[in-house]
file upload.cif (mmCIF, C-alpha atoms)
data_input
loop_
_atom_site.group_PDB
_atom_site.id
_atom_site.type_symbol
_atom_site.label_atom_id
_atom_site.label_comp_id
_atom_site.auth_asym_id
_atom_site.auth_seq_id
_atom_site.Cartn_x
_atom_site.Cartn_y
_atom_site.Cartn_z
ATOM 1 C CA ASN A 667 -224.118 -108.379 9.294
ATOM 2 C CA GLN A 668 -223.908 -112.156 9.769
ATOM 3 C CA SER A 669 -220.652 -113.508 11.201
ATOM 4 C CA GLY A 670 -220.539 -117.162 12.203
ATOM 5 C CA TRP A 671 -223.577 -117.906 14.363
ATOM 6 C CA SER A 672 -224.220 -114.307 15.431
ATOM 7 C CA THR A 673 -226.003 -111.410 13.773
ATOM 8 C CA PHE A 674 -224.540 -107.964 14.412
ATOM 9 C CA THR A 675 -226.001 -104.512 13.842
ATOM 10 C CA GLN A 676 -223.568 -102.008 12.352
ATOM 11 C CA ASP A 677 -225.462 -98.812 11.718
ATOM 12 C CA SER A 678 -222.746 -96.188 11.610
ATOM 13 C CA GLY A 679 -220.367 -95.587 8.736
ATOM 14 C CA TYR A 680 -220.274 -94.741 5.064
ATOM 15 C CA GLY A 681 -219.274 -96.042 1.668
ATOM 16 C CA PHE A 682 -219.131 -94.951 -1.933
ATOM 17 C CA HIS A 683 -218.633 -96.250 -5.454
ATOM 18 C CA VAL A 684 -217.150 -94.308 -8.378
ATOM 19 C CA SER A 685 -216.862 -95.669 -11.897
ATOM 20 C CA ALA A 686 -216.325 -94.624 -15.504
ATOM 21 C CA ALA A 687 -217.122 -96.762 -18.525
ATOM 22 C CA VAL A 688 -216.700 -96.695 -22.283
ATOM 23 C CA SER A 689 -218.572 -98.937 -24.687
ATOM 24 C CA ARG A 690 -218.285 -99.842 -28.343
ATOM 25 C CA ALA A 691 -221.000 -101.276 -30.583
ATOM 26 C CA LEU A 692 -220.148 -104.528 -32.363
ATOM 27 C CA ARG A 693 -221.164 -105.332 -35.911
ATOM 28 C CA GLY A 694 -223.184 -108.450 -36.507
ATOM 29 C CA PRO A 695 -226.682 -109.868 -36.899
ATOM 30 C CA ARG A 696 -227.641 -108.926 -33.304
ATOM 31 C CA PRO A 697 -227.156 -105.604 -31.549
ATOM 32 C CA MET A 698 -224.271 -106.074 -29.094
ATOM 33 C CA ALA A 699 -221.561 -103.982 -27.502
ATOM 34 C CA ILE A 700 -218.526 -104.393 -25.307
ATOM 35 C CA GLN A 701 -217.902 -102.176 -22.316
ATOM 36 C CA VAL A 702 -214.817 -101.517 -20.215
ATOM 37 C CA GLU A 703 -215.370 -99.976 -16.795
ATOM 38 C CA ARG A 704 -212.864 -98.771 -14.196
ATOM 39 C CA TYR A 705 -214.207 -98.632 -10.661
ATOM 40 C CA TYR A 706 -213.307 -97.700 -7.099
ATOM 41 C CA ARG A 707 -215.292 -98.707 -3.996
ATOM 42 C CA TYR A 708 -214.679 -97.824 -0.365
ATOM 43 C CA TRP A 709 -216.489 -98.381 2.902
ATOM 44 C CA ASN A 710 -215.770 -97.503 6.516
ATOM 45 C CA VAL A 711 -218.054 -99.094 9.127
ATOM 46 C CA GLU A 712 -217.908 -98.508 12.894
ATOM 47 C CA ASP A 713 -218.091 -101.154 15.669
ATOM 48 C CA SER A 714 -221.299 -103.161 15.858
ATOM 49 C CA THR A 715 -223.565 -103.404 18.856
ATOM 50 C CA VAL A 716 -222.495 -105.972 21.469
ATOM 51 C CA THR A 717 -224.515 -109.223 21.466
ATOM 52 C CA TRP A 718 -226.059 -110.692 24.616
ATOM 53 C CA ASP A 719 -223.037 -113.005 25.035
ATOM 54 C CA GLY A 720 -220.411 -110.222 24.681
ATOM 55 C CA TRP A 721 -219.393 -110.568 21.016
ATOM 56 C CA TYR A 722 -219.197 -107.698 18.550
ATOM 57 C CA GLU A 723 -218.010 -107.029 15.008
ATOM 58 C CA PRO A 724 -215.093 -104.565 15.068
ATOM 59 C CA ALA A 725 -214.874 -101.465 12.920
ATOM 60 C CA ASN A 726 -213.586 -102.181 9.437
ATOM 61 C CA ASN A 727 -212.915 -100.578 6.105
ATOM 62 C CA CYS A 728 -212.298 -101.901 2.645
ATOM 63 C CA THR A 729 -210.948 -100.505 -0.606
ATOM 64 C CA GLU A 730 -211.642 -102.170 -3.949
ATOM 65 C CA TYR A 731 -210.561 -101.042 -7.380
ATOM 66 C CA GLY A 732 -210.409 -102.750 -10.719
ATOM 67 C CA VAL A 733 -211.517 -103.067 -14.293
ATOM 68 C CA LYS A 734 -214.668 -104.813 -15.472
ATOM 69 C CA LEU A 735 -215.221 -106.059 -19.022
ATOM 70 C CA SER A 736 -218.850 -106.617 -20.084
ATOM 71 C CA VAL A 737 -220.676 -107.820 -23.160
ATOM 72 C CA LEU A 738 -223.979 -105.972 -23.605
ATOM 73 C CA PHE A 739 -226.818 -107.482 -25.575
#

call {"tool": "encode", "arguments": {"input": "upload.cif", "output": "structure tokens"}}
result
Amino acid sequence: NQSGWSTFTQDSGYGFHVSAAVSRALRGPRPMAIQVERYYRYWNVEDSTVTWDGWYEPANNCTEYGVKLSVLF
């Protein structure tokens, strides 16, 4: 983990990604398809190690969810 001028080691925690997608072939001269995907991502990371000058990266977690539209060719 790089934060500003320091590099921190965060080696405890977990995360996961879940998604579901549907796709539909498109008619035309080239094989193409469109795809719609719903996703959910989560991570939970513990405190980092403390650097030589006393800095550390605090524990953090993040939740992402959304919809992704793709063109496949």

call {"tool": "atom_distance", "arguments": {"input": "upload.cif", "atom1": "CA of Ser736 in chain A", "atom2": "CA of Val684 in chain A"}}
result
17.1 Å

call {"tool": "closest_residue", "arguments": {"input": "upload.cif", "among": "A:Met698, A:Tyr708, A:Trp718, A:Ala686", "to": "Thr673 in chain A", "atoms": "all atoms listed in the file"}}
result
A:Trp718

call {"tool": "atom_distance", "arguments": {"input": "upload.cif", "atom1": "CA of Asp677 in chain A", "atom2": "CA of Gly732 in chain A"}}
result
27.3 Å

call {"tool": "resolve_selection", "arguments": {"input": "upload.cif", "expression": "the PyMOL selection byres ((chain A and resi 687) around 6)", "output": "ChimeraX atom specification"}}
result
/A:686,688,702-703

call {"tool": "atom_distance", "arguments": {"input": "upload.cif", "atom1": "CA of Thr715 in chain A", "atom2": "CA of Asn727 in chain A"}}
result
16.9 Å

call {"tool": "resolve_selection", "arguments": {"input": "upload.cif", "expression": "the PyMOL selection byres ((chain A and resi 711) around 10)", "output": "list in words"}}
result
Gln676, Asp677, Ser678, Gly679, Tyr680, Gly681, Trp709, Asn710, Glu712, Asp713, Ser714, Glu723, Pro724, Ala725, Asn726, Asn727 and Cys728 of chain A

call {"tool": "axis_aligned_box", "arguments": {"input": "upload.cif", "around": "range 697-715 of chain A", "padding_each_side": "6 Å", "output": "lines of an AutoDock Vina configuration file"}}
result
center_x = -220.0
center_y = -101.8
center_z = -6.3
size_x = 26.3
size_y = 20.6
size_z = 62.4

call {"tool": "residues_around", "arguments": {"input": "upload.cif", "residues": "Glu730 in chain A", "least_positions_apart": "4", "cutoff": "9 Å", "atoms": "all atoms listed in the file", "output": "tab-separated table (two decimals) with C-alpha atoms, keeping the file's coordinate frame"}}
result
chain	number	residue	atom	x	y	z
A	705	TYR	CA	-214.21	-98.63	-10.66
A	706	TYR	CA	-213.31	-97.70	-7.10
A	707	ARG	CA	-215.29	-98.71	-4.00
A	708	TYR	CA	-214.68	-97.82	-0.36

call {"tool": "closest_residue", "arguments": {"input": "upload.cif", "among": "A:Gln701, A:Gly720, A:Arg696, A:Ala691", "to": "Phe674 in chain A", "atoms": "all atoms listed in the file"}}
result
A:Gly720

call {"tool": "closest_residue", "arguments": {"input": "upload.cif", "among": "A:Phe739, A:Trp721, A:Trp671, A:Tyr731", "to": "Arg693 in chain A", "atoms": "all atoms listed in the file"}}
result
A:Phe739

call {"tool": "build_atoms", "arguments": {"input": "upload.cif", "residues": "range 717-728 of chain A", "atoms": "all heavy atoms", "output": "PDB file, in the coordinates of the input"}}
result
ATOM      1  N   THR A 717    -223.455-108.218  21.317  1.00  0.00           N
ATOM      2  CA  THR A 717    -224.515-109.223  21.466  1.00  0.00           C
ATOM      3  C   THR A 717    -224.697-109.580  22.939  1.00  0.00           C
ATOM      4  O   THR A 717    -223.874-109.236  23.795  1.00  0.00           O
ATOM      5  CB  THR A 717    -224.187-110.500  20.667  1.00  0.00           C
ATOM      6  OG1 THR A 717    -222.980-111.070  21.177  1.00  0.00           O
ATOM      7  CG2 THR A 717    -224.045-110.183  19.188  1.00  0.00           C
ATOM      8  N   TRP A 718    -225.741-110.317  23.235  1.00  0.00           N
ATOM      9  CA  TRP A 718    -226.059-110.692  24.616  1.00  0.00           C
ATOM     10  C   TRP A 718    -224.929-111.483  25.276  1.00  0.00           C
ATOM     11  O   TRP A 718    -224.751-111.435  26.484  1.00  0.00           O
ATOM     12  CB  TRP A 718    -227.356-111.496  24.656  1.00  0.00           C
ATOM     13  CG  TRP A 718    -227.255-112.807  23.915  1.00  0.00           C
ATOM     14  CD1 TRP A 718    -227.511-113.008  22.586  1.00  0.00           C
ATOM     15  CD2 TRP A 718    -226.854-114.055  24.439  1.00  0.00           C
ATOM     16  NE1 TRP A 718    -227.280-114.319  22.249  1.00  0.00           N
ATOM     17  CE2 TRP A 718    -226.880-114.993  23.383  1.00  0.00           C
ATOM     18  CE3 TRP A 718    -226.456-114.505  25.691  1.00  0.00           C
ATOM     19  CZ2 TRP A 718    -226.533-116.332  23.549  1.00  0.00           C
ATOM     20  CZ3 TRP A 718    -226.121-115.844  25.855  1.00  0.00           C
ATOM     21  CH2 TRP A 718    -226.163-116.732  24.793  1.00  0.00           C
ATOM     22  N   ASP A 719    -224.120-112.192  24.464  1.00  0.00           N
ATOM     23  CA  ASP A 719    -223.037-113.005  25.035  1.00  0.00           C
ATOM     24  C   ASP A 719    -221.664-112.321  24.934  1.00  0.00           C
ATOM     25  O   ASP A 719    -220.634-112.939  25.146  1.00  0.00           O
ATOM     26  CB  ASP A 719    -223.002-114.387  24.393  1.00  0.00           C
ATOM     27  CG  ASP A 719    -222.927-114.347  22.875  1.00  0.00           C
ATOM     28  OD1 ASP A 719    -222.989-113.252  22.299  1.00  0.00           O
ATOM     29  OD2 ASP A 719    -222.814-115.429  22.268  1.00  0.00           O
ATOM     30  N   GLY A 720    -221.640-111.004  24.625  1.00  0.00           N
ATOM     31  CA  GLY A 720    -220.411-110.222  24.681  1.00  0.00           C
ATOM     32  C   GLY A 720    -219.608-110.118  23.397  1.00  0.00           C
ATOM     33  O   GLY A 720    -218.537-109.534  23.394  1.00  0.00           O
ATOM     34  N   TRP A 721    -220.106-110.654  22.289  1.00  0.00           N
ATOM     35  CA  TRP A 721    -219.393-110.568  21.016  1.00  0.00           C
ATOM     36  C   TRP A 721    -219.792-109.308  20.265  1.00  0.00           C
ATOM     37  O   TRP A 721    -220.884-108.783  20.418  1.00  0.00           O
ATOM     38  CB  TRP A 721    -219.711-111.784  20.148  1.00  0.00           C
ATOM     39  CG  TRP A 721    -219.148-113.048  20.684  1.00  0.00           C
ATOM     40  CD1 TRP A 721    -219.797-113.939  21.488  1.00  0.00           C
ATOM     41  CD2 TRP A 721    -217.843-113.562  20.480  1.00  0.00           C
ATOM     42  NE1 TRP A 721    -218.972-114.981  21.796  1.00  0.00           N
ATOM     43  CE2 TRP A 721    -217.758-114.784  21.195  1.00  0.00           C
ATOM     44  CE3 TRP A 721    -216.735-113.121  19.784  1.00  0.00           C
ATOM     45  CZ2 TRP A 721    -216.610-115.555  21.209  1.00  0.00           C
ATOM     46  CZ3 TRP A 721    -215.591-113.900  19.799  1.00  0.00           C
ATOM     47  CH2 TRP A 721    -215.540-115.085  20.505  1.00  0.00           C
ATOM     48  N   TYR A 722    -218.884-108.828  19.421  1.00  0.00           N
ATOM     49  CA  TYR A 722    -219.197-107.698  18.550  1.00  0.00           C
ATOM     50  C   TYR A 722    -218.331-107.793  17.299  1.00  0.00           C
ATOM     51  O   TYR A 722    -217.320-108.473  17.275  1.00  0.00           O
ATOM     52  CB  TYR A 722    -218.989-106.356  19.257  1.00  0.00           C
ATOM     53  CG  TYR A 722    -217.549-105.928  19.376  1.00  0.00           C
ATOM     54  CD1 TYR A 722    -217.030-104.974  18.513  1.00  0.00           C
ATOM     55  CD2 TYR A 722    -216.707-106.487  20.323  1.00  0.00           C
ATOM     56  CE1 TYR A 722    -215.706-104.584  18.605  1.00  0.00           C
ATOM     57  CE2 TYR A 722    -215.388-106.105  20.422  1.00  0.00           C
ATOM     58  CZ  TYR A 722    -214.888-105.158  19.565  1.00  0.00           C
ATOM     59  OH  TYR A 722    -213.582-104.775  19.644  1.00  0.00           O
ATOM     60  N   GLU A 723    -218.765-107.110  16.259  1.00  0.00           N
ATOM     61  CA  GLU A 723    -218.010-107.029  15.008  1.00  0.00           C
ATOM     62  C   GLU A 723    -217.213-105.728  15.055  1.00  0.00           C
ATOM     63  O   GLU A 723    -217.785-104.655  15.212  1.00  0.00           O
ATOM     64  CB  GLU A 723    -218.968-107.023  13.818  1.00  0.00           C
ATOM     65  CG  GLU A 723    -218.314-107.124  12.477  1.00  0.00           C
ATOM     66  CD  GLU A 723    -217.776-108.512  12.160  1.00  0.00           C
ATOM     67  OE1 GLU A 723    -218.252-109.498  12.714  1.00  0.00           O
ATOM     68  OE2 GLU A 723    -216.841-108.575  11.332  1.00  0.00           O
ATOM     69  N   PRO A 724    -215.888-105.792  14.961  1.00  0.00           N
ATOM     70  CA  PRO A 724    -215.093-104.565  15.068  1.00  0.00           C
ATOM     71  C   PRO A 724    -215.252-103.665  13.843  1.00  0.00           C
ATOM     72  O   PRO A 724    -215.697-104.094  12.791  1.00  0.00           O
ATOM     73  CB  PRO A 724    -213.657-105.083  15.169  1.00  0.00           C
ATOM     74  CG  PRO A 724    -213.685-106.417  14.514  1.00  0.00           C
ATOM     75  CD  PRO A 724    -215.068-106.970  14.771  1.00  0.00           C
ATOM     76  N   ALA A 725    -214.861-102.420  14.031  1.00  0.00           N
ATOM     77  CA  ALA A 725    -214.874-101.465  12.920  1.00  0.00           C
ATOM     78  C   ALA A 725    -213.995-101.999  11.791  1.00  0.00           C
ATOM     79  O   ALA A 725    -213.013-102.702  12.035  1.00  0.00           O
ATOM     80  CB  ALA A 725    -214.360-100.106  13.393  1.00  0.00           C
ATOM     81  N   ASN A 726    -214.383-101.715  10.572  1.00  0.00           N
ATOM     82  CA  ASN A 726    -213.586-102.181   9.437  1.00  0.00           C
ATOM     83  C   ASN A 726    -213.758-101.240   8.259  1.00  0.00           C
ATOM     84  O   ASN A 726    -214.702-100.471   8.193  1.00  0.00           O
ATOM     85  CB  ASN A 726    -213.964-103.621   9.055  1.00  0.00           C
ATOM     86  CG  ASN A 726    -215.394-103.757   8.618  1.00  0.00           C
ATOM     87  OD1 ASN A 726    -215.725-103.438   7.493  1.00  0.00           O
ATOM     88  ND2 ASN A 726    -216.258-104.217   9.515  1.00  0.00           N
ATOM     89  N   ASN A 727    -212.806-101.318   7.351  1.00  0.00           N
ATOM     90  CA  ASN A 727    -212.915-100.578   6.105  1.00  0.00           C
ATOM     91  C   ASN A 727    -212.329-101.436   4.994  1.00  0.00           C
ATOM     92  O   ASN A 727    -211.579-102.367   5.244  1.00  0.00           O
ATOM     93  CB  ASN A 727    -212.241 -99.204   6.180  1.00  0.00           C
ATOM     94  CG  ASN A 727    -210.777 -99.301   6.498  1.00  0.00           C
ATOM     95  OD1 ASN A 727    -210.041 -99.997   5.815  1.00  0.00           O
ATOM     96  ND2 ASN A 727    -210.341 -98.616   7.526  1.00  0.00           N
ATOM     97  N   CYS A 728    -212.732-101.113   3.797  1.00  0.00           N
ATOM     98  CA  CYS A 728    -212.298-101.901   2.645  1.00  0.00           C
ATOM     99  C   CYS A 728    -212.168-100.979   1.444  1.00  0.00           C
ATOM    100  O   CYS A 728    -212.976-100.078   1.241  1.00  0.00           O
ATOM    101  CB  CYS A 728    -213.319-102.994   2.356  1.00  0.00           C
ATOM    102  SG  CYS A 728    -212.882-104.031   0.955  1.00  0.00           S
TER     103      CYS A 728
END
